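**Q** For reference, the file final-v8.csv (CSV, C-alpha atoms) is included below:
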chain,number,residue,atom,x,y,z
A,128,MET,CA,-22.9,25.8,9.5
A,129,ASP,CA,-21.3,24.4,6.4
A,130,LYS,CA,-20.2,26.8,3.7
A,131,VAL,CA,-20.9,25.3,0.3
A,132,PRO,CA,-17.9,26.0,-1.9
A,133,GLY,CA,-18.3,27.2,-5.5
A,134,ARG,CA,-16.8,25.0,-8.3
A,135,ILE,CA,-13.6,27.1,-8.6
A,136,GLU,CA,-13.2,27.3,-4.9
A,137,LEU,CA,-13.5,23.5,-4.7
A,138,PHE,CA,-10.7,23.1,-7.3
A,139,LEU,CA,-8.5,25.7,-5.6
A,140,GLY,CA,-9.0,24.3,-2.1
A,141,TYR,CA,-7.9,20.9,-3.3
A,142,ALA,CA,-5.0,22.3,-5.3
A,143,LYS,CA,-3.8,23.8,-2.1
A,144,ILE,CA,-4.1,20.5,-0.2
A,145,GLY,CA,-2.1,18.7,-2.9
A,146,LEU,CA,0.7,21.2,-3.1
A,147,LEU,CA,1.1,21.6,0.7
A,148,GLY,CA,1.0,17.9,1.4
A,149,PHE,CA,4.6,17.1,2.0
A,150,GLY,CA,4.9,13.6,3.6
A,151,GLY,CA,1.2,12.9,3.1
A,152,VAL,CA,-1.9,15.0,2.4
A,153,GLY,CA,-4.0,13.8,5.3
A,154,PRO,CA,-3.3,16.6,7.8
A,155,TRP,CA,-3.7,19.3,5.2
A,156,SER,CA,-6.9,17.9,3.8
A,157,ARG,CA,-8.6,18.2,7.2
A,158,HIS,CA,-7.0,21.6,7.9
A,159,VAL,CA,-8.3,23.2,4.7
A,160,ILE,CA,-11.7,21.6,4.6
A,161,VAL,CA,-12.7,21.7,8.3
A,162,GLU,CA,-10.7,24.6,9.8
A,163,GLU,CA,-9.8,27.0,7.1
A,164,ARG,CA,-12.7,26.9,4.6
A,165,LYS,CA,-15.4,25.2,6.8
A,166,TRP,CA,-16.9,23.2,4.0
A,167,LEU,CA,-17.7,20.3,6.4
A,168,SER,CA,-17.9,19.9,10.2
A,169,GLU,CA,-15.3,17.8,11.9
A,170,ARG,CA,-17.7,14.9,12.3
A,171,ASP,CA,-18.9,15.0,8.6
A,172,TYR,CA,-15.3,15.1,7.4
A,173,ALA,CA,-14.3,12.2,9.7
A,174,GLU,CA,-17.2,10.1,8.3
A,175,VAL,CA,-16.3,10.7,4.7
A,176,LEU,CA,-12.6,10.0,5.5
A,177,GLY,CA,-13.5,6.7,7.3
A,178,LEU,CA,-15.5,5.6,4.2
A,179,GLY,CA,-12.5,6.6,2.0
A,180,GLN,CA,-10.3,4.4,4.2
A,181,ILE,CA,-12.2,1.2,3.6
A,182,LEU,CA,-12.3,1.7,-0.2
A,183,PRO,CA,-9.3,1.0,-2.3
A,184,GLY,CA,-7.1,4.0,-3.1
A,185,PRO,CA,-5.8,6.8,-1.0
A,186,ASN,CA,-8.3,7.9,1.7
A,187,VAL,CA,-7.9,11.6,0.9
A,188,GLY,CA,-8.3,10.9,-2.8
A,189,ASN,CA,-11.5,8.9,-2.2
A,190,ALA,CA,-12.7,11.7,0.1
A,191,SER,CA,-12.1,14.2,-2.7
A,192,VAL,CA,-14.3,12.2,-5.0
A,193,MET,CA,-17.1,11.9,-2.4
A,194,ILE,CA,-16.9,15.5,-1.2
A,195,GLY,CA,-16.8,16.8,-4.8
A,196,ARG,CA,-19.9,14.8,-5.6
A,197,ARG,CA,-21.7,15.9,-2.5
A,198,PHE,CA,-21.3,19.6,-3.5
A,199,HIS,CA,-21.4,19.6,-7.3
A,200,GLY,CA,-22.1,16.1,-8.6
A,201,LEU,CA,-19.8,14.6,-11.2
A,202,ALA,CA,-18.3,18.0,-12.1
A,203,GLY,CA,-17.4,18.5,-8.4
A,204,SER,CA,-15.8,15.0,-8.2
A,205,LEU,CA,-13.7,15.8,-11.3
A,206,LEU,CA,-12.7,19.3,-10.1
A,207,ALA,CA,-11.8,18.2,-6.6
A,208,THR,CA,-9.8,15.2,-7.7
A,209,SER,CA,-7.9,17.0,-10.5
A,210,GLY,CA,-7.1,19.9,-8.1
A,211,LEU,CA,-5.7,17.4,-5.6
A,212,TYR,CA,-3.4,15.7,-8.2
A,213,ILE,CA,-2.4,18.3,-10.7
A,214,GLY,CA,0.2,20.3,-8.7
A,215,PRO,CA,2.0,17.2,-7.3
A,216,LEU,CA,2.0,15.6,-10.8
A,217,CYS,CA,3.7,18.6,-12.3
A,218,ILE,CA,6.4,18.5,-9.6
A,219,LEU,CA,6.8,14.8,-10.1
A,220,VAL,CA,7.4,15.3,-13.8
A,221,ILE,CA,10.2,17.7,-13.0
A,222,LEU,CA,11.7,15.3,-10.4
A,223,SER,CA,11.5,12.4,-12.8
A,224,ILE,CA,13.3,14.3,-15.5
A,225,LEU,CA,16.0,15.4,-13.1
A,226,TYR,CA,16.3,11.8,-11.9
A,227,GLU,CA,16.7,10.5,-15.5
A,228,LEU,CA,19.3,13.2,-16.2
A,229,TYR,CA,21.3,13.1,-13.0
A,230,GLY,CA,20.3,9.8,-11.5
A,231,THR,CA,23.6,8.2,-12.4
A,232,ARG,CA,25.8,11.1,-11.3
A,233,PRO,CA,28.0,10.4,-8.2
A,234,GLY,CA,26.4,11.7,-5.1
A,235,VAL,CA,22.9,11.2,-6.3
A,236,ALA,CA,22.7,7.5,-5.5
A,237,PRO,CA,24.0,7.9,-1.9
A,238,PHE,CA,21.6,10.8,-1.4
A,239,MET,CA,18.7,8.8,-2.7
A,240,GLN,CA,19.8,5.8,-0.6
A,241,GLY,CA,19.6,8.0,2.5
A,242,VAL,CA,16.2,9.3,1.6
A,243,ALA,CA,15.0,5.8,0.8
A,244,ALA,CA,16.2,4.6,4.3
A,245,ALA,CA,14.4,7.6,5.9
A,246,ALA,CA,11.3,6.9,3.9
A,247,ALA,CA,11.3,3.3,5.1
A,248,GLY,CA,11.5,4.5,8.7
A,249,MET,CA,8.7,7.0,8.0
A,250,VAL,CA,6.3,4.3,6.9
A,251,ILE,CA,7.1,2.0,9.8
A,252,GLY,CA,6.8,4.9,12.2
A,253,THR,CA,3.4,5.9,10.7
A,254,ALA,CA,2.1,2.3,11.2
A,255,ILE,CA,3.3,2.2,14.8
A,256,LYS,CA,1.7,5.6,15.5
A,257,MET,CA,-1.6,4.6,13.9
A,258,GLY,CA,-1.7,1.3,15.8
A,259,GLN,CA,-1.0,3.2,19.0
A,260,ASN,CA,-3.7,5.9,18.4
A,261,LEU,CA,-6.4,3.4,17.3
A,262,ARG,CA,-5.9,1.0,20.3
A,263,PRO,CA,-7.4,-2.1,18.7
A,264,PRO,CA,-8.3,-5.1,20.9
A,265,PRO,CA,-5.8,-8.0,21.0
A,266,GLU,CA,-7.4,-10.2,18.4
A,267,LEU,CA,-7.4,-7.4,15.9
A,268,ILE,CA,-3.7,-6.7,16.7
A,269,LEU,CA,-3.1,-10.3,15.8
A,270,VAL,CA,-4.8,-9.7,12.4
A,271,GLY,CA,-2.5,-6.7,11.8
A,272,LEU,CA,0.6,-8.8,12.7
A,273,LEU,CA,-0.6,-11.5,10.3
A,274,ALA,CA,-0.9,-8.9,7.6
A,275,VAL,CA,2.7,-7.7,8.3
A,276,ALA,CA,4.0,-11.3,8.1
A,277,GLY,CA,2.1,-12.2,5.0
A,278,ALA,CA,3.2,-9.1,3.1
A,279,ALA,CA,6.8,-8.5,4.3
A,280,PHE,CA,8.1,-12.0,5.2
A,281,LEU,CA,6.1,-14.6,3.3
A,282,ARG,CA,5.7,-12.1,0.3
A,283,LEU,CA,2.2,-13.4,-0.4
A,284,PRO,CA,0.1,-11.6,-3.1
A,285,LEU,CA,-2.0,-8.9,-1.7
A,286,PRO,CA,-5.3,-10.2,-3.0
A,287,LEU,CA,-4.8,-13.4,-1.0
A,288,ILE,CA,-4.0,-11.4,2.1
A,289,VAL,CA,-7.1,-9.2,1.7
A,290,VAL,CA,-9.4,-12.1,0.9
A,291,VAL,CA,-8.4,-14.0,4.0
A,292,LEU,CA,-7.8,-11.2,6.5
A,293,ALA,CA,-10.6,-8.7,5.6
A,294,PRO,CA,-13.5,-11.0,6.4
A,295,LEU,CA,-11.6,-12.3,9.5
A,296,GLY,CA,-11.1,-8.7,10.8
A,297,ILE,CA,-14.7,-7.7,10.1
A,298,TRP,CA,-16.0,-10.8,11.8
A,299,LEU,CA,-13.8,-10.4,14.9
A,300,SER,CA,-14.7,-6.7,15.2
A,301,LEU,CA,-18.4,-7.4,14.8
A,302,ARG,CA,-18.3,-10.2,17.3
A,303,ARG,CA,-16.7,-7.9,19.9
A,304,SER,CA,-19.4,-5.2,19.3
A,305,TRP,CA,-22.2,-7.8,19.8
A,306,GLN,CA,-20.6,-9.0,23.0
A,307,ARG,CA,-20.4,-5.5,24.3
A,308,ALA,CA,-24.0,-4.6,23.5
A,309,PRO,CA,-26.1,-7.8,23.3
B,109,MET,CA,1.7,-0.2,-27.1
B,110,THR,CA,1.7,-3.5,-25.4
B,111,LEU,CA,4.0,-2.1,-22.8
B,112,LEU,CA,1.6,0.8,-22.1
B,113,LEU,CA,-1.3,-1.6,-21.9
B,114,GLN,CA,0.6,-3.7,-19.5
B,115,ILE,CA,1.3,-0.7,-17.3
B,116,LEU,CA,-2.4,0.3,-17.4
B,117,LEU,CA,-3.5,-3.2,-16.4
B,118,ALA,CA,-0.8,-3.6,-13.7
B,119,PHE,CA,-1.6,-0.3,-12.0
B,120,GLY,CA,-5.4,-0.7,-12.6
B,121,THR,CA,-5.3,-4.0,-10.7
B,122,LEU,CA,-3.3,-2.4,-7.9
B,123,SER,CA,-5.8,0.5,-7.7
B,124,LEU,CA,-8.6,-1.9,-6.7
B,125,LEU,CA,-6.3,-3.6,-4.1
B,126,ALA,CA,-5.1,-0.5,-2.5
B,127,ILE,CA,-7.2,-0.6,0.6
B,128,GLY,CA,-5.2,1.6,3.0
B,129,GLY,CA,-3.6,3.7,0.2
B,130,ALA,CA,-0.2,3.6,-1.4
B,131,ASN,CA,1.7,2.2,1.5
B,132,ALA,CA,-0.7,-0.8,1.8
B,133,VAL,CA,-0.3,-1.7,-1.9
B,134,LEU,CA,3.5,-1.3,-1.9
B,135,PRO,CA,4.3,-5.0,-1.4
B,136,GLU,CA,2.1,-5.9,-4.3
B,137,MET,CA,3.5,-3.0,-6.4
B,138,HIS,CA,7.0,-4.3,-5.7
B,139,ARG,CA,6.0,-7.8,-6.6
B,140,LEU,CA,4.4,-6.8,-9.9
B,141,VAL,CA,7.0,-4.1,-11.0
B,142,VAL,CA,10.2,-5.8,-9.9
B,143,GLU,CA,9.5,-9.6,-9.6
B,144,VAL,CA,6.7,-10.3,-12.2
B,145,HIS,CA,7.5,-7.7,-15.0
B,146,GLY,CA,11.1,-7.0,-14.2
B,147,TRP,CA,10.6,-3.3,-15.1
B,148,MET,CA,13.3,-2.2,-12.6
B,149,ASP,CA,15.6,-3.5,-9.9
B,150,ASP,CA,15.2,-3.4,-6.1
B,151,ALA,CA,17.3,-0.3,-5.6
B,152,THR,CA,15.6,1.7,-8.3
B,153,PHE,CA,12.2,0.8,-6.9
B,154,SER,CA,13.0,2.1,-3.4
B,155,GLN,CA,14.7,5.2,-4.8
B,156,LEU,CA,11.7,6.0,-7.0
B,157,PHE,CA,9.3,5.5,-4.1
B,158,ALA,CA,11.5,7.8,-2.1
B,159,LEU,CA,11.4,10.4,-4.9
B,160,ALA,CA,7.6,10.3,-4.8
B,161,GLN,CA,7.7,10.6,-1.0
B,162,ALA,CA,9.9,13.7,-1.2
B,163,ALA,CA,7.3,15.5,-3.4
B,164,PRO,CA,4.0,16.9,-2.0
B,165,GLY,CA,0.7,15.2,-2.7
B,166,PRO,CA,-0.8,11.7,-2.1
B,167,ASN,CA,1.9,9.0,-1.9
B,168,ILE,CA,-0.1,6.9,-4.4
B,169,LEU,CA,1.6,9.1,-7.1
B,170,ALA,CA,4.6,6.8,-6.6
B,171,ALA,CA,2.8,4.9,-9.4
B,172,SER,CA,3.2,7.9,-11.7
B,173,VAL,CA,6.9,8.1,-11.1
B,174,MET,CA,7.4,4.4,-11.8
B,175,GLY,CA,5.3,4.8,-15.0
B,176,TRP,CA,7.6,7.6,-16.1
B,177,HIS,CA,10.7,5.4,-15.4
B,178,ILE,CA,9.2,2.5,-17.3
B,179,ALA,CA,7.9,4.3,-20.4
B,180,GLY,CA,8.3,8.1,-20.2
B,181,PRO,CA,5.4,10.5,-20.2
B,182,ALA,CA,2.9,8.0,-21.8
B,183,GLY,CA,3.9,5.5,-19.1
B,184,MET,CA,3.3,8.1,-16.4
B,185,ALA,CA,-0.1,8.8,-17.9
B,186,MET,CA,-1.1,5.1,-18.0
B,187,ALA,CA,0.2,4.4,-14.5
B,188,THR,CA,-1.6,7.5,-13.1
B,189,ILE,CA,-4.9,6.7,-14.9
B,190,GLY,CA,-4.7,3.0,-13.9
B,191,MET,CA,-4.0,3.9,-10.3
B,192,LEU,CA,-6.7,6.5,-9.9
B,193,LEU,CA,-9.6,5.8,-12.1
B,194,PRO,CA,-11.0,2.4,-10.8
B,195,ALA,CA,-10.7,3.5,-7.1
B,196,ALA,CA,-12.3,6.9,-8.0
B,197,ILE,CA,-15.3,5.2,-9.7
B,198,LEU,CA,-15.8,3.0,-6.6
B,199,ALA,CA,-15.6,6.0,-4.3
B,200,TYR,CA,-18.1,7.8,-6.5
B,201,GLY,CA,-20.6,5.0,-6.2
B,202,MET,CA,-19.9,4.7,-2.4
B,203,GLN,CA,-21.0,8.3,-1.9
B,204,GLY,CA,-24.5,7.3,-3.3
B,205,LEU,CA,-24.6,4.2,-1.0
B,206,THR,CA,-23.8,6.2,2.1
B,207,HIS,CA,-27.2,7.5,2.8
B,208,ARG,CA,-28.9,4.1,2.4
B,209,LEU,CA,-26.6,2.5,4.9
B,210,ARG,CA,-26.4,5.3,7.4
B,211,GLY,CA,-27.9,4.4,10.8
B,212,ASN,CA,-27.1,0.7,10.7
B,213,THR,CA,-25.4,-0.2,13.9
B,214,TRP,CA,-23.2,-2.9,12.3
B,215,LEU,CA,-21.6,-0.5,9.9
B,216,LYS,CA,-18.9,1.1,12.2
B,217,PRO,CA,-17.6,-2.0,13.8
B,218,ALA,CA,-17.5,-3.7,10.4
B,219,GLN,CA,-15.5,-0.8,9.1
B,220,PHE,CA,-13.1,-1.0,12.1
B,221,GLY,CA,-12.5,-4.6,11.3
B,222,LEU,CA,-10.6,-3.5,8.2
B,223,VAL,CA,-8.3,-1.2,10.1
B,224,PRO,CA,-5.8,-3.8,11.3
B,225,LEU,CA,-5.4,-5.1,7.8
B,226,ALA,CA,-4.7,-1.5,6.5
B,227,VAL,CA,-2.3,-0.7,9.3
B,228,GLY,CA,-0.6,-4.1,9.1
B,229,LEU,CA,-0.1,-3.7,5.4
B,230,ILE,CA,1.5,-0.2,5.9
B,231,ALA,CA,3.9,-1.8,8.4
B,232,GLY,CA,4.6,-4.6,6.0
B,233,SER,CA,5.5,-2.1,3.3
B,234,GLY,CA,7.8,-0.3,5.7
B,235,VAL,CA,9.6,-3.5,6.4
B,236,ILE,CA,10.0,-4.3,2.6
B,237,MET,CA,11.3,-0.8,2.0
B,238,ALA,CA,13.8,-1.3,4.9
B,239,GLN,CA,14.9,-4.6,3.5
B,240,ALA,CA,15.6,-2.9,0.1
B,241,ALA,CA,17.2,0.2,1.6
B,242,GLY,CA,19.1,-1.3,4.5
B,243,THR,CA,22.4,-2.1,2.7
B,244,ASN,CA,24.8,-1.1,5.5
B,245,LEU,CA,25.0,0.0,9.1
B,246,LEU,CA,24.4,3.7,8.4
B,247,SER,CA,21.2,3.0,6.5
B,248,PHE,CA,19.9,0.9,9.4
B,249,VAL,CA,20.7,3.8,11.7
B,250,ILE,CA,18.7,6.2,9.4
B,251,ILE,CA,15.8,3.8,9.3
B,252,GLY,CA,15.8,3.5,13.1
B,253,VAL,CA,16.0,7.2,13.8
B,254,SER,CA,13.4,8.0,11.1
B,255,THR,CA,11.0,5.4,12.6
B,256,VAL,CA,11.3,6.9,16.1
B,257,PHE,CA,11.1,10.5,14.8
B,258,VAL,CA,7.8,9.9,12.9
B,259,TRP,CA,6.4,7.7,15.6
B,260,ARG,CA,7.1,9.9,18.6
B,261,THR,CA,7.0,13.5,17.2
B,262,LYS,CA,4.5,15.6,15.3
B,263,TYR,CA,7.1,17.4,13.1
B,264,SER,CA,6.8,17.1,9.3
B,265,PRO,CA,8.4,13.8,8.0
B,266,LEU,CA,10.1,16.1,5.4
B,267,TRP,CA,12.8,16.7,8.0
B,268,VAL,CA,13.8,13.0,8.2
B,269,LEU,CA,13.7,12.7,4.5
B,270,ALA,CA,16.0,15.6,4.0
B,271,GLY,CA,18.2,14.5,6.9
B,272,GLY,CA,18.5,11.0,5.6
B,273,GLY,CA,19.5,12.3,2.2
B,274,ALA,CA,22.1,14.6,3.7
B,275,LEU,CA,23.6,11.8,5.8
B,276,GLY,CA,23.7,9.5,2.8
B,277,LEU,CA,25.4,12.2,0.7
B,278,LEU,CA,28.0,12.8,3.5
B,279,LEU,CA,28.7,9.3,4.7
B,280,LEU,CA,27.5,6.6,2.3
Would you write out, as structure tokens, the structure that this file holds?
**A**
Amino acid sequence: MDKVPGRIELFLGYAKIGLLGFGGVGPWSRHVIVEERKWLSERDYAEVLGLGQILPGPNVGNASVMIGRRFHGLAGSLLATSGLYIGPLCILVILSILYELYGTRPGVAPFMQGVAAAAAGMVIGTAIKMGQNLRPPPELILVGLLAVAGAAFLRLPLPLIVVVLAPLGIWLSLRRSWQRAP
Amino acid sequence: MTLLLQILLAFGTLSLLAIGGANAVLPEMHRLVVEVHGWMDDATFSQLFALAQAAPGPNILAASVMGWHIAGPAGMAMATIGMLLPAAILAYGMQGLTHRLRGNTWLKPAQFGLVPLAVGLIAGSGVIMAQAAGTNLLSFVIIGVSTVFVWRTKYSPLWVLAGGGALGLLLL
């Protein structure tokens, strides 16, 4: 049974998600909401997250708006969202100041170069992992590869890529579902 | 003032395009911030993004760090508001729509049709970051090891970020 969180609990829960979310908040969001605090069932949470995924913006951030509204209306949305972002923003302010102060010191640039290279690999690895877990049919893999080519090699503007490939992907996916269940 | 407004507009536009989150919008962020406005160079862009990755929280906050770099605290505020508000308003409205659309059989396959776009754009951002960060053999080794580590294991990506930094410090 879902436990409806109070307003303060909603804020604190999301503050925890934001502060623990090194390398991405996705895993922590599910852990806190579903396992630790039992605000939502696994299924409910996955549905909210899926919706957050198709909207622009970070899926966990969108989910915080929707989950907040579900429990406490507009106030809930504001509390959940500010909880999620406030801790990381404070840390980023400190990091930005340090970068401005010491960014030109010897040693900082090579360190950040190494981190940047690792971050590039992290993003590529995440994409491969997601593709592997989601197991899309061949025609949708092709849409994904077209997106890679358009963004990384042709350097097309994102709106153009979205306007062309989003309807194509939706149409191909719907066509497949109609073929499966006529 | 004009600069702050430009920042707000640039990241506000990005906000509405960010289907798939920060990584999906990275190519467009790069295009706007580096190529269109010339607010920073390639190396700074990838270092600032890495800085945001090293901190906890949603990766979309890379926008906040860039805002700070462009125009200090006010720039950070504008970039953060621009990046978060439009998408949040959409999500708020979507929560109201959910109940009306629930039960339609076309909804889930239609949603899944957007997944390859989102994942493809994430991969595309990774390639762009690799193009910017891959300046010598060692950085390509770091990129390769990090890719395989994140792809094949379930350990926190923080390990490769720290490891990449340490290797860079020692060898680059």
**Q** Is it possible to get the residues within 10 Å of (-5.8, 5.4, -13.6) (coordinates as in the file, counting all atoms listed in the file) written as a PyMOL selection string?
**A** chain B and resi 116-117+119-123+171-172+184-196
**Q** Taking only C-alpha atoms into account, name the residue in B:Pro217, B:Gly211, B:Gly201, B:Gly234 that is nearest to Val192 in chain A.
**A**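 Among the listed residues, the smallest separation from Val192 in chain A belongs to B:Gly201.
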**Q** Do me a favour and pick out the residues of chain B within 6 Å of chain A, using only C-alpha atoms, as a count of residues only.
**A** 50
**Q** In Å, rounded to a single decimal, give me how far CA of Asn212 in chain B is from CA of Val290 in chain A.
**A**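 So the answer is 23.9 Å.
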**Q** Please report the interatomic distance between CA of Leu279 in chain B and CA of Trp267 in chain B in Å with one decimal.
**A**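 So the two atoms, CA of Leu279 in chain B and CA of Trp267 in chain B, lie 17.8 Å apart.
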**Q** In Å, how far is it from CA of Met137 in chain B to CA of Ala163 in chain B?
**A** 19.1 Å
**Q** In terms of the shortest atom-to-atom distance over all atoms listed in the file, which of B:Pro181, B:Gly271, B:Pro135, B:Gly175 is closest to Gln114 in chain B?
**A**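 Answer, going by the shortest atom-to-atom distance: B:Gly175.
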**Q** Any chance you could model N, CA and C atoms for range 208-234 of chain A and send them as a PDB file, keeping the file's coordinate frame?
**A**
ATOM      1  N   THR A 208     -10.826  16.199  -7.520  1.00  0.00           N
ATOM      2  CA  THR A 208      -9.800  15.200  -7.700  1.00  0.00           C
ATOM      3  C   THR A 208      -8.637  15.766  -8.578  1.00  0.00           C
ATOM      4  N   SER A 209      -8.984  16.482  -9.670  1.00  0.00           N
ATOM      5  CA  SER A 209      -7.900  17.000 -10.500  1.00  0.00           C
ATOM      6  C   SER A 209      -7.135  18.091  -9.746  1.00  0.00           C
ATOM      7  N   GLY A 210      -7.837  18.880  -8.921  1.00  0.00           N
ATOM      8  CA  GLY A 210      -7.100  19.900  -8.100  1.00  0.00           C
ATOM      9  C   GLY A 210      -6.118  19.212  -7.186  1.00  0.00           C
ATOM     10  N   LEU A 211      -6.521  18.088  -6.586  1.00  0.00           N
ATOM     11  CA  LEU A 211      -5.700  17.400  -5.600  1.00  0.00           C
ATOM     12  C   LEU A 211      -4.376  16.873  -6.303  1.00  0.00           C
ATOM     13  N   TYR A 212      -4.511  16.369  -7.551  1.00  0.00           N
ATOM     14  CA  TYR A 212      -3.400  15.700  -8.200  1.00  0.00           C
ATOM     15  C   TYR A 212      -2.535  16.547  -9.090  1.00  0.00           C
ATOM     16  N   ILE A 213      -3.085  17.669  -9.586  1.00  0.00           N
ATOM     17  CA  ILE A 213      -2.400  18.300 -10.700  1.00  0.00           C
ATOM     18  C   ILE A 213      -1.067  18.967 -10.285  1.00  0.00           C
ATOM     19  N   GLY A 214      -1.044  19.628  -9.134  1.00  0.00           N
ATOM     20  CA  GLY A 214       0.200  20.300  -8.700  1.00  0.00           C
ATOM     21  C   GLY A 214       1.301  19.238  -8.430  1.00  0.00           C
ATOM     22  N   PRO A 215       1.021  18.226  -7.583  1.00  0.00           N
ATOM     23  CA  PRO A 215       2.000  17.200  -7.300  1.00  0.00           C
ATOM     24  C   PRO A 215       2.511  16.490  -8.576  1.00  0.00           C
ATOM     25  N   LEU A 216       1.600  16.249  -9.541  1.00  0.00           N
ATOM     26  CA  LEU A 216       2.000  15.600 -10.800  1.00  0.00           C
ATOM     27  C   LEU A 216       3.025  16.416 -11.543  1.00  0.00           C
ATOM     28  N   CYS A 217       2.780  17.743 -11.614  1.00  0.00           N
ATOM     29  CA  CYS A 217       3.700  18.600 -12.300  1.00  0.00           C
ATOM     30  C   CYS A 217       5.100  18.549 -11.635  1.00  0.00           C
ATOM     31  N   ILE A 218       5.112  18.595 -10.308  1.00  0.00           N
ATOM     32  CA  ILE A 218       6.400  18.500  -9.600  1.00  0.00           C
ATOM     33  C   ILE A 218       7.068  17.183  -9.834  1.00  0.00           C
ATOM     34  N   LEU A 219       6.261  16.095  -9.873  1.00  0.00           N
ATOM     35  CA  LEU A 219       6.800  14.800 -10.100  1.00  0.00           C
ATOM     36  C   LEU A 219       7.426  14.636 -11.497  1.00  0.00           C
ATOM     37  N   VAL A 220       6.801  15.298 -12.486  1.00  0.00           N
ATOM     38  CA  VAL A 220       7.400  15.300 -13.800  1.00  0.00           C
ATOM     39  C   VAL A 220       8.758  15.894 -13.810  1.00  0.00           C
ATOM     40  N   ILE A 221       8.878  17.045 -13.130  1.00  0.00           N
ATOM     41  CA  ILE A 221      10.200  17.700 -13.000  1.00  0.00           C
ATOM     42  C   ILE A 221      11.192  16.810 -12.312  1.00  0.00           C
ATOM     43  N   LEU A 222      10.763  16.222 -11.177  1.00  0.00           N
ATOM     44  CA  LEU A 222      11.700  15.300 -10.400  1.00  0.00           C
ATOM     45  C   LEU A 222      12.093  14.134 -11.243  1.00  0.00           C
ATOM     46  N   SER A 223      11.133  13.560 -12.012  1.00  0.00           N
ATOM     47  CA  SER A 223      11.500  12.400 -12.800  1.00  0.00           C
ATOM     48  C   SER A 223      12.485  12.729 -13.885  1.00  0.00           C
ATOM     49  N   ILE A 224      12.304  13.910 -14.514  1.00  0.00           N
ATOM     50  CA  ILE A 224      13.300  14.300 -15.500  1.00  0.00           C
ATOM     51  C   ILE A 224      14.649  14.523 -14.904  1.00  0.00           C
ATOM     52  N   LEU A 225      14.694  15.169 -13.754  1.00  0.00           N
ATOM     53  CA  LEU A 225      16.000  15.400 -13.100  1.00  0.00           C
ATOM     54  C   LEU A 225      16.616  14.041 -12.716  1.00  0.00           C
ATOM     55  N   TYR A 226      15.772  13.086 -12.275  1.00  0.00           N
ATOM     56  CA  TYR A 226      16.300  11.800 -11.900  1.00  0.00           C
ATOM     57  C   TYR A 226      16.879  11.053 -13.108  1.00  0.00           C
ATOM     58  N   GLU A 227      16.158  11.133 -14.261  1.00  0.00           N
ATOM     59  CA  GLU A 227      16.700  10.500 -15.500  1.00  0.00           C
ATOM     60  C   GLU A 227      17.987  11.149 -15.919  1.00  0.00           C
ATOM     61  N   LEU A 228      18.064  12.493 -15.774  1.00  0.00           N
ATOM     62  CA  LEU A 228      19.300  13.200 -16.200  1.00  0.00           C
ATOM     63  C   LEU A 228      20.445  13.002 -15.303  1.00  0.00           C
ATOM     64  N   TYR A 229      20.176  13.094 -13.992  1.00  0.00           N
ATOM     65  CA  TYR A 229      21.300  13.100 -13.000  1.00  0.00           C
ATOM     66  C   TYR A 229      21.330  11.888 -12.141  1.00  0.00           C
ATOM     67  N   GLY A 230      20.413  10.936 -12.352  1.00  0.00           N
ATOM     68  CA  GLY A 230      20.300   9.800 -11.500  1.00  0.00           C
ATOM     69  C   GLY A 230      21.572   8.964 -11.347  1.00  0.00           C
ATOM     70  N   THR A 231      22.397   9.015 -12.404  1.00  0.00           N
ATOM     71  CA  THR A 231      23.600   8.200 -12.400  1.00  0.00           C
ATOM     72  C   THR A 231      24.848   8.996 -11.945  1.00  0.00           C
ATOM     73  N   ARG A 232      24.678  10.327 -11.727  1.00  0.00           N
ATOM     74  CA  ARG A 232      25.800  11.100 -11.300  1.00  0.00           C
ATOM     75  C   ARG A 232      26.282  10.667  -9.881  1.00  0.00           C
ATOM     76  N   PRO A 233      27.583  10.756  -9.607  1.00  0.00           N
ATOM     77  CA  PRO A 233      28.000  10.400  -8.200  1.00  0.00           C
ATOM     78  C   PRO A 233      27.412  11.379  -7.251  1.00  0.00           C
ATOM     79  N   GLY A 234      27.044  10.881  -6.098  1.00  0.00           N
ATOM     80  CA  GLY A 234      26.400  11.700  -5.100  1.00  0.00           C
ATOM     81  C   GLY A 234      24.920  11.588  -5.076  1.00  0.00           C
TER      82      GLY A 234
END
